[in-house]
Every structure is written in C-alpha cells, then in structure tokens.
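Down below is the structure, laid out as structure tokens.
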Amino acid sequence: MPGLLRGVARTAVIAGTATSVSNRVSRRQAGRWARQDAEQAQARPAPAAPPPAPTSLAPEDEMSNKIAQLKDLGDLKSQGVLSESEFEAQKARILAT
C-alpha cells in the first residue's frame, strides 16, 4: 500500500506542476500577443481626415470661376460634345451656384 500511495502522490505533484507551468506559459504568451497588438495599433496610420470644406471664394474669384466654367462649357458645345439642351442645363446649374 505505501508504494501505491507514493505513486499517486508523485502523479498528483507532477500533474499540478505541469498545470502551473502551462498556465504561466499561456499568460506570458497572451501578454506578448497583447503587446504586439498594441504596437501594431500604434504603428497604423490614423484614418485620413475628411477633405476640408470648400471655403467661400471672394466675389471676384467666384465670378471669374463661373466665367471660366461657362467658357469651357461653350467650347464643349462648339466641339459638338454637348447638345443644346445639355448646354442649357449645365449653364443653369453653374449660374445657380
């Protein structure tokens, strides 16, 4: 009987030690992964900021911008790219803004 008891005790000690070591390795590995994730999160660039809202142009700049758009529109109409109705619709859109 003493031999059997000694064998059971030895098995219990070995199993307890193995469990302890396994848990410690698991915790250490989890910590390592957490640090890597944190480093990767810091290394990632921040999301791009949305483009700035268009600023209001000075009245003179706004008028010259409209004139340039209308000239380009007229050139497209004279080249035959735009029909008369398309030209009128785009002209109205430009002048409405």
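Residues are referred to by chain and number: the chain letter is A, B, ... according to the order shown in the structure tokens, the number counts from 1 in that chain, and ligands are numbered separately from 1 in the order shown.
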
- Message: If we count only C-alpha atoms and set the cut-off at 12 Å, which residues sit around A:Ala92, ignoring sequence neighbours fewer than 4 positions away in its own chain? Please answer as an MDAnalysis selection string.
- Response: chainID A and resid 66 69:70 73 85:88 96:97

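Note that atom CA of A:Ser78 and atom CA of A:Lys91 are 14.1 Å apart.
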
As an NGL selection string, please: every residue in stretch 12-86 of chain A that DSSP puts in helix (DSSP H, G or I). :A and (12-43 or 59-78 or 84-86)
